Structure formats: structure tokens, C-alpha cells
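Visitor: Provided below: work25.tsv, containing TSV, C-alpha atoms.
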chain	number	residue	atom	x	y	z
A	118	MET	CA	91.17	-24.16	130.39
A	119	THR	CA	91.91	-23.60	126.70
A	120	THR	CA	95.58	-23.22	125.79
A	121	LYS	CA	96.33	-19.89	124.18
A	122	TYR	CA	98.61	-19.47	121.22
A	123	TYR	CA	100.83	-16.39	121.02
A	124	LEU	CA	101.50	-15.49	117.39
A	125	PHE	CA	104.56	-13.34	116.69
A	126	ASN	CA	104.24	-11.00	113.74
A	127	PHE	CA	105.88	-7.82	112.43
A	128	PRO	CA	104.44	-4.53	113.74
A	129	PRO	CA	101.35	-3.49	111.75
A	130	VAL	CA	101.44	-1.28	108.69
A	131	ALA	CA	98.69	0.90	107.24
A	132	ASP	CA	96.22	-0.66	104.78
A	133	ALA	CA	97.90	-4.09	104.46
A	134	TYR	CA	98.17	-4.85	108.22
A	135	SER	CA	101.36	-6.94	107.90
A	136	VAL	CA	104.26	-7.23	105.46
A	137	CYS	CA	104.25	-10.95	106.23
A	138	PRO	CA	101.63	-12.84	104.19
A	139	PHE	CA	102.36	-16.02	106.15
A	140	ALA	CA	101.34	-14.28	109.36
A	141	ILE	CA	98.07	-13.07	107.84
A	142	LYS	CA	97.42	-16.61	106.62
A	143	LEU	CA	98.03	-17.94	110.12
A	144	GLU	CA	95.85	-15.39	111.91
A	145	SER	CA	93.13	-15.99	109.32
A	146	PHE	CA	93.28	-19.74	110.00
A	147	CYS	CA	92.80	-19.07	113.71
A	148	ARG	CA	89.86	-16.75	113.04
A	149	VAL	CA	88.13	-19.15	110.64
A	150	ASN	CA	88.40	-21.98	113.17
A	151	GLY	CA	87.69	-20.01	116.36
A	152	ILE	CA	91.14	-20.70	117.80
A	153	PRO	CA	92.07	-18.37	120.68
A	154	TYR	CA	95.27	-16.44	120.06
A	155	ALA	CA	97.08	-13.24	120.94
A	156	THR	CA	99.39	-11.31	118.63
A	157	VAL	CA	102.83	-10.18	119.72
A	158	TYR	CA	104.26	-7.49	117.45
A	159	THR	CA	108.02	-7.58	117.06
A	160	THR	CA	110.83	-7.35	114.52
A	161	GLU	CA	112.71	-10.17	116.27
A	162	PHE	CA	112.67	-13.44	114.36
A	163	SER	CA	112.17	-16.92	115.77
A	164	LYS	CA	114.98	-18.57	117.72
A	165	GLN	CA	115.10	-21.51	115.33
A	166	GLY	CA	115.02	-20.84	111.62
A	167	ARG	CA	115.16	-17.05	112.00
A	168	SER	CA	111.66	-16.77	110.52
A	169	MET	CA	108.37	-14.92	110.87
A	170	PRO	CA	105.72	-15.72	111.95
A	171	TYR	CA	106.25	-18.05	114.85
A	172	CYS	CA	104.22	-18.96	117.89
A	173	ARG	CA	104.58	-19.94	121.51
A	174	VAL	CA	102.11	-22.30	123.11
A	175	GLY	CA	100.62	-21.57	126.51
A	176	ASP	CA	102.90	-18.72	127.62
A	177	GLN	CA	104.20	-15.71	125.70
A	178	ASN	CA	107.67	-15.88	127.26
A	179	THR	CA	108.28	-19.53	128.12
A	180	GLY	CA	105.93	-21.53	125.91
A	181	ASP	CA	107.14	-24.07	123.36
A	182	GLU	CA	108.17	-22.17	120.23
A	183	ILE	CA	107.13	-23.29	116.75
A	184	SER	CA	108.35	-21.57	113.61
A	185	ASP	CA	107.09	-21.79	110.00
A	186	SER	CA	103.41	-21.09	109.42
A	187	ASN	CA	102.78	-24.53	107.94
A	188	PHE	CA	104.19	-26.33	110.97
A	189	ILE	CA	102.10	-24.08	113.19
A	190	VAL	CA	98.99	-24.96	111.19
A	191	GLU	CA	99.81	-28.65	111.63
A	192	ARG	CA	100.01	-28.16	115.39
A	193	LEU	CA	96.74	-26.22	115.47
A	194	ALA	CA	95.03	-28.97	113.47
A	195	LYS	CA	96.08	-31.47	116.15
A	196	ASP	CA	94.93	-29.33	119.06
A	197	PHE	CA	91.63	-28.05	117.59
A	198	GLU	CA	88.82	-29.20	115.34
A	199	VAL	CA	89.50	-27.32	112.10
A	200	SER	CA	87.54	-26.96	108.88
A	201	ASP	CA	90.20	-28.77	106.82
A	202	ALA	CA	89.41	-31.99	108.70
A	203	LYS	CA	86.15	-32.17	106.73
A	204	LEU	CA	87.89	-32.14	103.35
A	205	SER	CA	88.20	-35.20	101.18
A	206	THR	CA	91.57	-36.75	100.40
A	207	PHE	CA	91.41	-35.15	96.95
A	208	GLU	CA	90.60	-31.71	98.39
A	209	ARG	CA	93.49	-31.98	100.82
A	210	ALA	CA	95.79	-32.82	97.92
A	211	ILE	CA	94.53	-29.77	96.03
A	212	THR	CA	95.11	-27.63	99.12
A	213	HIS	CA	98.67	-28.89	99.49
A	214	SER	CA	99.44	-28.20	95.83
A	215	CYS	CA	97.94	-24.71	95.85
A	216	VAL	CA	99.64	-23.66	99.08
A	217	ARG	CA	103.00	-24.78	97.67
A	218	MET	CA	102.36	-22.93	94.40
A	219	ILE	CA	101.44	-19.74	96.24
A	220	GLU	CA	104.21	-19.80	98.81
A	221	GLU	CA	107.08	-21.23	96.79
A	222	HIS	CA	106.41	-19.53	93.45
A	223	LEU	CA	103.89	-16.69	93.40
A	224	CYS	CA	105.03	-15.25	96.71
A	225	GLN	CA	108.72	-15.52	95.85
A	226	ILE	CA	108.24	-13.57	92.63
A	227	GLY	CA	106.37	-10.94	94.62
A	228	PHE	CA	109.24	-10.76	97.12
A	229	TYR	CA	111.70	-10.35	94.26
A	230	PHE	CA	109.70	-7.38	92.95
A	231	ARG	CA	109.32	-5.58	96.27
A	232	TYR	CA	112.60	-6.48	97.98
A	233	GLY	CA	114.99	-7.21	95.15
A	234	LEU	CA	113.95	-4.41	92.80
A	235	HIS	CA	112.00	-1.83	94.80
A	236	MET	CA	113.08	-2.02	98.44
A	237	LYS	CA	113.23	1.74	99.01
A	238	ALA	CA	109.82	2.33	97.42
A	239	PHE	CA	108.42	-0.53	99.51
A	240	VAL	CA	109.76	0.92	102.76
A	241	ASP	CA	108.64	4.45	101.87
A	242	SER	CA	105.15	3.42	100.72
A	243	LEU	CA	104.39	1.81	104.08
A	244	HIS	CA	106.16	4.47	106.18
A	245	LEU	CA	108.10	1.74	107.92
A	246	GLU	CA	110.52	4.25	109.43
A	247	ASP	CA	107.57	5.34	111.59
A	248	ARG	CA	106.35	1.82	112.35
A	249	TRP	CA	109.51	-0.17	113.07
A	250	ASP	CA	112.62	0.42	115.15
A	251	GLU	CA	116.30	0.89	114.32
A	252	SER	CA	116.45	-2.65	112.91
A	253	LEU	CA	114.75	-1.32	109.76
A	254	GLU	CA	117.92	0.33	108.50
A	255	MET	CA	119.92	-2.90	108.63
A	256	TRP	CA	117.09	-4.95	107.13
A	257	ALA	CA	116.56	-2.50	104.28
A	258	ARG	CA	120.27	-2.65	103.53
A	259	PHE	CA	120.78	-6.43	103.38
A	260	GLN	CA	117.36	-7.66	102.19
A	261	PRO	CA	117.63	-6.65	98.49
A	262	ASP	CA	120.84	-8.60	97.86
A	263	ALA	CA	119.64	-11.52	99.97
A	264	THR	CA	116.39	-11.71	97.99
A	265	ILE	CA	118.15	-11.50	94.63
A	266	ASP	CA	120.54	-14.26	95.70
A	267	LYS	CA	117.67	-16.44	96.89
A	268	THR	CA	115.72	-15.81	93.67
A	269	ARG	CA	118.77	-16.73	91.59
A	270	LYS	CA	119.28	-19.96	93.53
A	271	ARG	CA	115.67	-20.89	92.85
A	272	GLY	CA	116.48	-20.63	89.14
A	273	LEU	CA	113.98	-17.86	88.54
A	274	LEU	CA	116.50	-15.29	87.34
A	275	ARG	CA	117.13	-17.33	84.21
A	276	HIS	CA	113.98	-15.55	83.02
A	277	SER	CA	113.36	-11.90	82.26
A	278	ASP	CA	111.37	-9.83	84.72
A	279	GLU	CA	108.46	-9.65	82.30
A	280	THR	CA	108.44	-13.44	82.04
A	281	LEU	CA	108.39	-13.71	85.83
A	282	TRP	CA	105.40	-11.38	86.05
A	283	SER	CA	103.63	-13.51	83.45
A	284	MET	CA	104.46	-16.72	85.33
A	285	SER	CA	103.09	-15.29	88.57
A	286	ASN	CA	99.96	-14.11	86.80
A	287	ASP	CA	99.45	-17.67	85.57
A	288	ASP	CA	99.34	-18.74	89.23
A	289	ILE	CA	96.78	-16.04	89.97
A	290	GLN	CA	94.67	-17.06	86.98
A	291	ALA	CA	94.73	-20.68	88.15
A	292	LEU	CA	93.37	-19.58	91.53
A	293	SER	CA	90.69	-17.49	89.84
A	294	ASP	CA	89.66	-20.41	87.65
A	295	MET	CA	89.56	-22.72	90.64
A	296	LEU	CA	87.39	-20.35	92.69
A	297	GLY	CA	84.95	-19.70	89.86
A	298	ASP	CA	81.61	-18.41	91.11
A	299	SER	CA	81.96	-19.91	94.60
A	300	ASP	CA	82.22	-17.83	97.73
A	301	TYR	CA	85.14	-19.92	98.96
A	302	PHE	CA	87.39	-22.48	97.33
A	303	PHE	CA	85.54	-25.54	98.65
A	304	ASP	CA	82.24	-23.72	99.24
A	305	GLY	CA	80.80	-23.48	102.74
A	306	LEU	CA	83.33	-22.72	105.48
A	307	PRO	CA	86.75	-21.43	104.39
A	308	THR	CA	89.75	-23.71	104.85
A	309	LEU	CA	93.52	-23.33	104.75
A	310	ILE	CA	93.57	-22.60	101.03
A	311	ASP	CA	91.27	-19.58	101.53
A	312	CYS	CA	93.42	-18.28	104.38
A	313	THR	CA	96.55	-18.68	102.26
A	314	VAL	CA	95.07	-16.89	99.26
A	315	PHE	CA	93.81	-14.08	101.45
A	316	GLY	CA	97.17	-13.62	103.16
A	317	HIS	CA	99.18	-13.50	99.96
A	318	LEU	CA	96.84	-11.54	97.70
A	319	SER	CA	96.47	-8.92	100.44
A	320	GLN	CA	100.10	-8.03	99.77
A	321	PHE	CA	99.60	-7.45	96.07
A	322	LEU	CA	96.31	-5.59	96.44
A	323	TRP	CA	96.74	-3.48	99.58
A	324	ILE	CA	100.41	-2.59	99.80
A	325	PRO	CA	100.59	0.78	97.97
A	326	LEU	CA	103.16	-0.37	95.43
A	327	ASP	CA	102.62	-0.91	91.70
A	328	PHE	CA	102.91	-4.68	91.65
A	329	PRO	CA	102.37	-6.12	88.14
A	330	GLN	CA	100.16	-8.72	89.81
A	331	LYS	CA	97.89	-6.02	91.25
A	332	ALA	CA	96.84	-4.82	87.81
A	333	TYR	CA	96.25	-8.39	86.65
A	334	ILE	CA	94.03	-9.24	89.61
A	335	LYS	CA	91.94	-6.09	89.26
A	336	GLU	CA	91.58	-6.31	85.49
A	337	ARG	CA	91.32	-10.07	84.90
A	338	CYS	CA	90.16	-11.68	88.15
A	339	PRO	CA	87.12	-9.85	89.57
A	340	ASN	CA	86.09	-12.99	91.47
A	341	LEU	CA	89.32	-12.83	93.48
A	342	VAL	CA	88.72	-9.16	94.26
A	343	GLN	CA	85.25	-10.09	95.50
A	344	PHE	CA	86.68	-13.01	97.46
A	345	MET	CA	89.12	-10.71	99.23
A	346	ALA	CA	86.38	-8.27	100.20
A	347	ARG	CA	84.12	-11.12	101.36
A	348	PHE	CA	86.77	-12.81	103.47
A	349	GLN	CA	87.88	-9.53	105.02
A	350	GLU	CA	84.32	-8.53	105.91
A	351	GLN	CA	83.49	-11.89	107.48
A	352	TYR	CA	86.72	-12.70	109.31
A	353	TRP	CA	88.55	-9.39	109.67
A	354	PRO	CA	85.87	-6.82	110.61
A	355	ASP	CA	88.59	-5.19	112.74
A	356	TRP	CA	91.05	-4.92	109.83
A	357	GLU	CA	91.25	-1.13	109.94
A	358	SER	CA	91.94	-1.02	113.67
A	359	ARG	CA	94.50	-3.81	113.34
A	360	CYS	CA	96.43	-1.64	110.88
A	361	LYS	CA	97.05	1.03	113.49
A	362	LYS	CA	100.54	1.57	114.82
A	363	GLN	CA	101.63	-0.77	117.61
A	364	SER	CA	104.75	-0.83	119.75
A	365	ASN	CA	107.62	-3.11	118.78
A	366	GLN	CA	107.90	-5.59	121.63
A	367	LYS	CA	111.09	-7.06	122.98
A	368	VAL	CA	111.01	-10.84	122.89
A	369	VAL	CA	112.02	-12.76	126.00
A	370	ARG	CA	114.38	-15.60	125.08
A	371	SER	CA	114.52	-18.70	127.24
A	372	ARG	CA	117.94	-20.21	127.84
Starting from the file, lay out its structure as C-alpha cells.
Guide:
Amino acid sequence: MTTKYYLFNFPPVADAYSVCPFAIKLESFCRVNGIPYATVYTTEFSKQGRSMPYCRVGDQNTGDEISDSNFIVERLAKDFEVSDAKLSTFERAITHSCVRMIEEHLCQIGFYFRYGLHMKAFVDSLHLEDRWDESLEMWARFQPDATIDKTRKRGLLRHSDETLWSMSNDDIQALSDMLGDSDYFFDGLPTLIDCTVFGHLSQFLWIPLDFPQKAYIKERCPNLVQFMARFQEQYWPDWESRCKKQSNQKVVRSR
């Protein structure tokens, strides 16, 4: 009997499915590799690390809990035959570098824009008051200052906002140059890098907020726009239905 993975993610939002790009990356990785999983929608973070997404292995309530999408991917790669196993050493190094660039730089600048500078517009644009529970009020209150503090500690606030947008667009341009005319980043079957790009660019493109990066992607990187449509069509044919409102589940905590 195949072990099932239960992936914990924020309740869905319209158009963009999730406000967590790491969760979209993780679900995409499961879909690309045919890994059986079930999604649990909740606003409760993981027991360790207080993060989202996280997963439980084997049982939704009592299974071993793993937090951090990259650690979850490592576990999945041990338990299943995944497309990344076919990559060369060089391609794996490229994947590692690109994932770090996206998640530790591009994504963080995006978070600064939407949480640090435009939290109210972000919440309103996604109608989160209708999608989440009473925890939204507290989160919306503390997240802006927390994000600004985190961004400052990363050293990014030494730069002007316009410089930050330019730096993030450089990351996007690098991805566009790397993809070129290919369907996927290493041709053939998508791998972790494709899932990561899809998860993070979905935020810029499909959250109804005027991200500076959105304009850059649409105007300067048509191959990335095509990539997003291609990946969505092939691996997320149910995207629209997944964006429908779901109940916020209470998480059972083991002692």
C-alpha cells in the first residue's frame, strides 16, 4: 500500500489558489512525479518552525510531521522515483542555485512589497476576510512590521524600493534567459526548478495586485508567461476548481 502524504496549506484564494508559493511548488512537485497526496487547508502553522507548508506522512493526525518545503522535497525524493534523479550533477547544481535565488531573494522582495508595503491591499484584493477565519485580523496586524524587520535584517533595506524592484527583475530575467525557447528548464519532464518557478511566479502574475514584477514579466519575458500557461494546463487542469473556497480545518496536535 502506498503511503499518502498530507500537505498542509493555507485555505484557497481566487485566481492564485494559495498565498504560499512554497505550497504551490510542493503540490506541483507531487503532481509532476505522480506522488499521491491530500491537501489539508488550515491557517495553523507547523508545530516545529511555525511554517507553511508542512506535511504529515501516512496519517493526517498522527503521521510524522515535516516542515519546510525543501526538506519535504528531500523526503519525497527518498520515498519516490522523481524526475530530478535523472539530472546530471551540473543540472542539480543549477537547480540548487536557482531555487535559492528564487526563494531567498526574489520571493523575499515580493513579500516585502505585498506584506511590508501593501498588506491591506493584498488582503482586500484576495477577499481574505471571506476565505480565512478570525486569525486573519491578527496576522494582518503583525505581518507588515515582521516582514519589514526581516527584510532589514537581510540587508535589503539599504537599497531604495526602486532598486529592489530592479534587483528582483534581474532574477526574473535570468530565469527567462535560462528557459529560452524550451518548454521546461531542462527540456522533457519538468523538475524541481520548474515547480519552484511556477509556484513563485504564480504569485506575481495571478494575485490581483500591481506587483512591479508582474509588469516586467508580461512586457519583457513572454517565454515565462507561456511557461506558466503550459505548466498550468498540463499539471493543474483543475486549477480553477482548486481556487474555490474551502473550510479552514482545525489541526490535531499530537502530544
Visitor: Mind checking which residues fall within 9 Å of A:Glu144, counting only C-alpha atoms, ignoring those fewer than 2 positions away in the same chain, and posting them as a short mmCIF file (atom, residue, chain, number, x, y, z; two decimals) with C-alpha atoms, in the frame of the given file?
Guide:
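This went into part.cif:
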data_model
loop_
_atom_site.label_atom_id
_atom_site.label_comp_id
_atom_site.auth_asym_id
_atom_site.auth_seq_id
_atom_site.Cartn_x
_atom_site.Cartn_y
_atom_site.Cartn_z
CA LEU A 124 101.50 -15.49 117.39
CA PHE A 139 102.36 -16.02 106.15
CA ALA A 140 101.34 -14.28 109.36
CA ILE A 141 98.07 -13.07 107.84
CA LYS A 142 97.42 -16.61 106.62
CA PHE A 146 93.28 -19.74 110.00
CA CYS A 147 92.80 -19.07 113.71
CA ARG A 148 89.86 -16.75 113.04
CA VAL A 149 88.13 -19.15 110.64
CA TYR A 154 95.27 -16.44 120.06
CA THR A 156 99.39 -11.31 118.63
CA CYS A 312 93.42 -18.28 104.38
#
Visitor: Using all atoms listed in the file, find the one residue out of A:Tyr171, A:Phe162, A:Tyr232, A:Tyr352 that sits nearest to A:Phe328.
Guide: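 Result for the nearest residue to A:Phe328: A:Tyr232.
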Visitor: Find, counting only C-alpha atoms, the residue in A:Ser242, A:Thr264, A:Thr206, A:Ser285 that gets nearest to A:Ile324.
Guide: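 Residue with the minimum atom-to-atom distance to A:Ile324: A:Ser242.
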Visitor: Please identify all polymer residues within 6 Å of A:Tyr158, counting all atoms listed in the file, omitting same-chain residues fewer than 6 positions from it, and present them as a ChimeraX atom specification.
Guide: /A:125-128,365-366
Visitor: Each residue of stretch 290-371 of chain A with at least one atom at most 12 Å from stretch 184-188 of chain A should appear once, together with its nearest atom pair and the corresponding distance in Å (one decimal); atoms considered: all atoms listed in the file; ordering: chain, then increasing residue number; output as a Markdown table.
Guide:
| residue | atom | partner | partner_atom | distance |
| --- | --- | --- | --- | --- |
| A:Leu309 | CA | A:Asn187 | CA | 9.9 |
| A:Ile310 | CA | A:Asn187 | CA | 11.7 |
| A:Cys312 | CA | A:Ser186 | CA | 11.5 |
| A:Thr313 | CA | A:Ser186 | CA | 10.2 |
| A:Gly316 | CA | A:Ser186 | CA | 11.6 |
Visitor: Work out how far atom CA of A:Thr159 is from atom CA of A:Phe321, in Å to one decimal.
Guide: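 Interatomic distance, atom CA of A:Phe321 to atom CA of A:Thr159: 22.6 Å.
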Visitor: Quick one: pull the distance between atom CA of A:Gly227 and atom CA of A:Ser145, Å, one decimal.
Guide: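 These atoms are spaced 20.4 Å apart.
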Visitor: Neighbours of A:Gln343 within 12 Å (only C-alpha atoms; same-chain residues fewer than 4 positions away dropped), as a list in words?
Guide: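 The neighbour list is Ser293, Leu296, Gly297, Asp298, Ser299, Asp300, Tyr301, Phe315, Leu318, Leu322, Ile334, Lys335, Cys338, Pro339, Arg347, Phe348, Gln349 and Glu350 of chain A.
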Visitor: Save the residues we just selected, C-alpha atoms, as a PDB file, in the coordinates of the input?
Guide:
ATOM      1  CA  SER A 293      90.690 -17.490  89.840  1.00  0.00           C
ATOM      2  CA  LEU A 296      87.390 -20.350  92.690  1.00  0.00           C
ATOM      3  CA  GLY A 297      84.950 -19.700  89.860  1.00  0.00           C
ATOM      4  CA  ASP A 298      81.610 -18.410  91.110  1.00  0.00           C
ATOM      5  CA  SER A 299      81.960 -19.910  94.600  1.00  0.00           C
ATOM      6  CA  ASP A 300      82.220 -17.830  97.730  1.00  0.00           C
ATOM      7  CA  TYR A 301      85.140 -19.920  98.960  1.00  0.00           C
ATOM      8  CA  PHE A 315      93.810 -14.080 101.450  1.00  0.00           C
ATOM      9  CA  LEU A 318      96.840 -11.540  97.700  1.00  0.00           C
ATOM     10  CA  LEU A 322      96.310  -5.590  96.440  1.00  0.00           C
ATOM     11  CA  ILE A 334      94.030  -9.240  89.610  1.00  0.00           C
ATOM     12  CA  LYS A 335      91.940  -6.090  89.260  1.00  0.00           C
ATOM     13  CA  CYS A 338      90.160 -11.680  88.150  1.00  0.00           C
ATOM     14  CA  PRO A 339      87.120  -9.850  89.570  1.00  0.00           C
ATOM     15  CA  ARG A 347      84.120 -11.120 101.360  1.00  0.00           C
ATOM     16  CA  PHE A 348      86.770 -12.810 103.470  1.00  0.00           C
ATOM     17  CA  GLN A 349      87.880  -9.530 105.020  1.00  0.00           C
ATOM     18  CA  GLU A 350      84.320  -8.530 105.910  1.00  0.00           C
TER      19      GLU A 350
END
Visitor: Work out how far apart atom CA of A:Val368 and atom CA of A:Glu254 are and give it in Å to one decimal.
Guide: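 Distance between the two atoms: 19.5 Å.
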Visitor: Given the choices A:Met255, A:Arg337, A:Ile152, A:Thr179, which gets closest to A:Val199 if the distance is worked out from only C-alpha atoms?
Guide: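 Among the listed residues, the smallest separation from A:Val199 belongs to A:Ile152.
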Visitor: Taking into account all atoms listed in the file, which residue in the set A:Phe344, A:Trp249, A:Phe230, A:Phe239 is nearest to A:Pro129?
Guide: A:Trp249
Visitor: What's the 10 Å shell around A:Ala131, counting all atoms listed in the file, without same-chain residues fewer than 6 positions away, as a list in words?
Guide: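 So the residues in contact are Ser242, Leu243, His244, Leu245, Arg248, Trp323, Ile324, Pro325, Trp356, Glu357, Ser358, Arg359, Cys360, Lys361 and Lys362 of chain A.
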